Amino acid sequence: MYNKGLYSDWVPKPVQLLLIVLLLAVVMPLGGVYTGNISHLVSGTGAMTEYFMWANYATTIGMGACMPVVIRIKMRFKVRDKMVLLLVLLGLMSYINATTLQPMIFVATSLFIGFMKMMVTIELFLPLMVMIGNRGMFYGVFYTFVLVMNQVAVYYAAEFSLLYNWQQFYLFTSVLCFILALIHWIFMHNKYFALKVPLHYIDWLSILLFISTFMFSAYVYSFGRQQDWLNSKNIINASIAAFVSFALLSIRQLTLKRPYLSFRIFTKNNVQHGLFMLFWLGMFLGTASIQNTFAVGVLGYDQLTNARLSVLMIPGIIVAGIIAIFWFKKEKPLKMYIFSGFAGMMGYAIIMYFSMVLEFSYDNWYLPMFLKGYGMCSLFISVWFYTLDKLEMDEMLAAIGLVLVWRTFLAVGIFSTLYSWFQYRFQVT
């Protein structure tokens with residue numbers, strides 16, 4: 001009894017598509033913390049900002065850790081059982097965040113949310129790819145929708161925090177997850193996707209080493225400035241722990257019959273070039289810390305007005321997505337599309353460089369934020385497609401976890417840390 005779809009045969013196709021879109025709209029922006037309400041979390045819990053930066057990184061690390069094993073987990077359980085349980089657990093994690101004042105709980109729940117979010121996402125990937133057909137067009141639609149929902153979530157997290165309190169948004173997302181779990185209990189089929197496979201082939205020790213490598217690295221990125229880098233024993237110990245964890249992870253992959261990660265992908269030219277481009281994308285995305293300092297510290301914006309700047313990126317994101325769909329449909333070379341993305345980011349950086357004045361009005365944000373939205377979305381789509389192109393399915397699944405962590409955590413973290421260090425040094429000078 002196998003069924004490669006998600007829903008029962010009696011559910012009409014338009015309703016199935018609506019349910020998939022609802023799932024994406026709720027689950028993809030879900031996180032342990034939201035950049036729009038970090039300042040409210042800090043004032044509400046009395047904890048340092050660095051803890052919530054660490055939690056923010058933890059969500060991405062959880063997603064990356066889950067990616068190499070998602071197919072095996074997908075094939076082990078019945079679709080409805082797994083999806084309903086994951087939605088209930090995601091709802092519980094959001095509820096825990098709404099009721100705690102301990103920053104380390106936010107870090108832990110963020111890691112679990114990222115891990116479970118990826119399991120839900122893979123269920124939606126396959127039917128959407130079958131519906132759209134073309135992998136490039138699928139990335140165009142998927143990333144555009146996800147990035148738009150992320151900006152909307154940032155704004156509403158800030159608005160809920162301002163109108164009510166920071167707990168309310170977590171309660172709201174928790175209730176949404178429980179409602180979705182109930183809906184999917186009704187509409188989903190209760191069959192296996194394919195042949196049932198055992199879980200004992202999953203190397204849980206490798207997963208733990210992967211998580212410890214990047215969680216210790218995230219600690220260094222988050223707390224480095226606050227603890228004065230190598231003058232802190234904690235930072236030195238965390239750096240050593242990250243290095244040792246990565247060394248053990250690498251050695252273990254070489255000795256396993258079924259390795260958790262494949263390092264062979266890094267011998268391929270497209271992967272090397274893709275990681276190089278994603279590194280420089282991180283340079284542009286890391287400027288968010290400078291932008292926040294300018295908007296809040298210099299122009300005096302409140303948190304809601306600052307969060308509204310994220311919404312200004314949405315037109316650029318949509319334009320990039322539409323261009324991507326036509327680009328891949330016509331099967332044009334990627335070079336010029338990638339170039340246009342970096343040109344958009346460069347335009348944003350140049351405009352902001354010459355706009356760091358007190359007379360900068362709100363209307364002046366429209367063009368740079370449009371360019372930033374366009375650049376971010378076009379590069380997410382094109383460089384992701386280019387990096388994972390020509391990889392076999394097993395290689396691709398192993399690569400996605402590493403590339404995801406590289407793109408969203410390592411590259412952005414390195415440059416965010418660098419910018420904050422320069423900012424601090426120049427301020428003191």
# chains A, B, ... in the order shown; residues from 1 in each chain; ligands from 1
>>> closest_atom_pairs(of="segment 73-180 of chain A", to="segment 215-231 of chain A", cutoff="12 Å", atoms="only C-alpha atoms", output="JSON lines")
{"residue": "A:Met104", "atom": "CA", "partner": "A:Tyr219", "partner_atom": "CA", "distance": 11.7}
{"residue": "A:Val107", "atom": "CA", "partner": "A:Met215", "partner_atom": "CA", "distance": 9.6}
{"residue": "A:Ala108", "atom": "CA", "partner": "A:Met215", "partner_atom": "CA", "distance": 10.4}
{"residue": "A:Ser110", "atom": "CA", "partner": "A:Met215", "partner_atom": "CA", "distance": 11.4}
{"residue": "A:Leu111", "atom": "CA", "partner": "A:Met215", "partner_atom": "CA", "distance": 9.2}
>>> write_last_selection(atoms="all heavy atoms", output="PDB file, in the first residue's frame")
ATOM      1  N   MET A 104      18.445  29.883  26.878  1.00  0.00           N
ATOM      2  CA  MET A 104      18.963  28.620  26.361  1.00  0.00           C
ATOM      3  C   MET A 104      17.844  27.707  25.854  1.00  0.00           C
ATOM      4  O   MET A 104      18.073  26.861  24.984  1.00  0.00           O
ATOM      5  CB  MET A 104      19.776  27.894  27.439  1.00  0.00           C
ATOM      6  CG  MET A 104      21.170  28.471  27.650  1.00  0.00           C
ATOM      7  SD  MET A 104      22.135  28.619  26.128  1.00  0.00           S
ATOM      8  CE  MET A 104      22.293  26.914  25.656  1.00  0.00           C
ATOM      9  N   VAL A 107      17.353  28.618  22.322  1.00  0.00           N
ATOM     10  CA  VAL A 107      18.404  28.022  21.487  1.00  0.00           C
ATOM     11  C   VAL A 107      18.058  26.562  21.168  1.00  0.00           C
ATOM     12  O   VAL A 107      18.140  26.127  20.011  1.00  0.00           O
ATOM     13  CB  VAL A 107      19.778  28.114  22.190  1.00  0.00           C
ATOM     14  CG1 VAL A 107      20.846  27.408  21.356  1.00  0.00           C
ATOM     15  CG2 VAL A 107      20.172  29.566  22.423  1.00  0.00           C
ATOM     16  N   ALA A 108      17.649  25.811  22.196  1.00  0.00           N
ATOM     17  CA  ALA A 108      17.327  24.383  22.003  1.00  0.00           C
ATOM     18  C   ALA A 108      16.108  24.202  21.114  1.00  0.00           C
ATOM     19  O   ALA A 108      16.113  23.381  20.177  1.00  0.00           O
ATOM     20  CB  ALA A 108      17.101  23.721  23.365  1.00  0.00           C
ATOM     21  N   SER A 110      14.911  26.245  18.918  1.00  0.00           N
ATOM     22  CA  SER A 110      15.233  26.684  17.551  1.00  0.00           C
ATOM     23  C   SER A 110      15.893  25.567  16.759  1.00  0.00           C
ATOM     24  O   SER A 110      15.595  25.357  15.581  1.00  0.00           O
ATOM     25  CB  SER A 110      16.151  27.910  17.579  1.00  0.00           C
ATOM     26  OG  SER A 110      15.529  28.993  18.207  1.00  0.00           O
ATOM     27  N   LEU A 111      16.792  24.844  17.418  1.00  0.00           N
ATOM     28  CA  LEU A 111      17.479  23.717  16.772  1.00  0.00           C
ATOM     29  C   LEU A 111      16.479  22.634  16.377  1.00  0.00           C
ATOM     30  O   LEU A 111      16.487  22.141  15.234  1.00  0.00           O
ATOM     31  CB  LEU A 111      18.534  23.149  17.718  1.00  0.00           C
ATOM     32  CG  LEU A 111      19.449  22.050  17.169  1.00  0.00           C
ATOM     33  CD1 LEU A 111      20.360  22.603  16.075  1.00  0.00           C
ATOM     34  CD2 LEU A 111      20.285  21.447  18.286  1.00  0.00           C
TER      35      LEU A 111
END
>>> residues_around(residues="Val152 of chain A", least_positions_apart="3", cutoff="10 Å", atoms="only C-alpha atoms", output="ChimeraX atom specification")
/A:25,29,36,146-149,155-157,307-308,310-311,314
>>> residues_around(residues="Asn269 of chain A", least_positions_apart="6", cutoff="12 Å", atoms="only C-alpha atoms", output="NGL selection string")
:A and (275-276 or 386-391)
>>> select_by_dssp(residues="segment 63-257 of chain A", states="alpha helix (DSSP H)", output="ChimeraX atom specification")
/A:63-66,70-76,79-99,103-132,135-163,166-187,204-223,233-255
>>> residues_around(residues="segment 348-351 of chain A", least_positions_apart="2", cutoff="9 Å", atoms="only C-alpha atoms", output="ChimeraX atom specification")
/A:284,287,343-346,353-355,367-372,375
>>> write_last_selection(atoms="N, CA, C and O atoms", output="compact mmCIF listing (two decimals), in the first residue's frame")
# COMPACT_ATOMS: atom_id res chain seq x y z
N PHE A 284 26.94 40.45 1.35
CA PHE A 284 25.86 41.42 1.18
C PHE A 284 24.76 41.23 2.23
O PHE A 284 24.22 42.20 2.77
N THR A 287 25.23 42.74 5.67
CA THR A 287 25.06 44.20 5.86
C THR A 287 23.77 44.53 6.61
O THR A 287 23.55 45.68 6.96
N ALA A 343 24.52 42.44 -9.30
CA ALA A 343 24.41 43.87 -9.64
C ALA A 343 23.37 44.55 -8.74
O ALA A 343 23.57 45.68 -8.28
N GLY A 344 22.24 43.83 -8.48
CA GLY A 344 21.22 44.37 -7.58
C GLY A 344 21.76 44.59 -6.18
O GLY A 344 21.54 45.64 -5.56
N MET A 345 22.51 43.61 -5.66
CA MET A 345 23.12 43.73 -4.33
C MET A 345 24.15 44.86 -4.30
O MET A 345 24.23 45.62 -3.32
N MET A 346 24.94 44.97 -5.36
CA MET A 346 25.94 46.03 -5.43
C MET A 346 25.26 47.40 -5.45
O MET A 346 25.70 48.34 -4.77
N TYR A 353 25.63 53.31 0.96
CA TYR A 353 26.90 53.95 1.35
C TYR A 353 26.78 55.47 1.24
O TYR A 353 27.25 56.22 2.12
N PHE A 354 26.17 55.94 0.15
CA PHE A 354 26.05 57.40 -0.06
C PHE A 354 24.83 58.00 0.64
O PHE A 354 24.58 59.20 0.54
N SER A 355 24.06 57.16 1.34
CA SER A 355 22.83 57.65 1.99
C SER A 355 22.92 57.72 3.50
O SER A 355 21.93 57.97 4.18
N LEU A 367 14.00 52.25 -3.28
CA LEU A 367 14.88 51.72 -4.34
C LEU A 367 15.93 50.75 -3.77
O LEU A 367 16.05 49.63 -4.29
N PRO A 368 16.68 51.13 -2.73
CA PRO A 368 17.68 50.16 -2.23
C PRO A 368 17.07 48.86 -1.73
O PRO A 368 17.65 47.78 -1.94
N MET A 369 15.90 48.92 -1.08
CA MET A 369 15.29 47.68 -0.59
C MET A 369 14.73 46.84 -1.73
O MET A 369 14.74 45.60 -1.67
N PHE A 370 14.26 47.49 -2.79
CA PHE A 370 13.83 46.75 -3.99
C PHE A 370 15.02 46.00 -4.58
O PHE A 370 14.93 44.81 -4.91
N LEU A 371 16.15 46.69 -4.71
CA LEU A 371 17.37 46.07 -5.26
C LEU A 371 17.86 44.94 -4.37
O LEU A 371 18.30 43.89 -4.87
N LYS A 372 17.79 45.14 -3.05
CA LYS A 372 18.23 44.09 -2.13
C LYS A 372 17.33 42.86 -2.25
O LYS A 372 17.81 41.73 -2.28
N GLY A 375 18.12 41.17 -5.59
CA GLY A 375 19.43 40.51 -5.56
C GLY A 375 19.40 39.25 -4.71
O GLY A 375 19.92 38.21 -5.12
>>> closest_residue(among="A:Ile122, A:Leu41, A:Val244, A:Ile236", to="Gln168 of chain A", atoms="only C-alpha atoms")
A:Leu41
>>> closest_residue(among="A:Phe385, A:Tyr34, A:Tyr57, A:Phe115", to="Tyr170 of chain A", atoms="only C-alpha atoms")
A:Tyr34
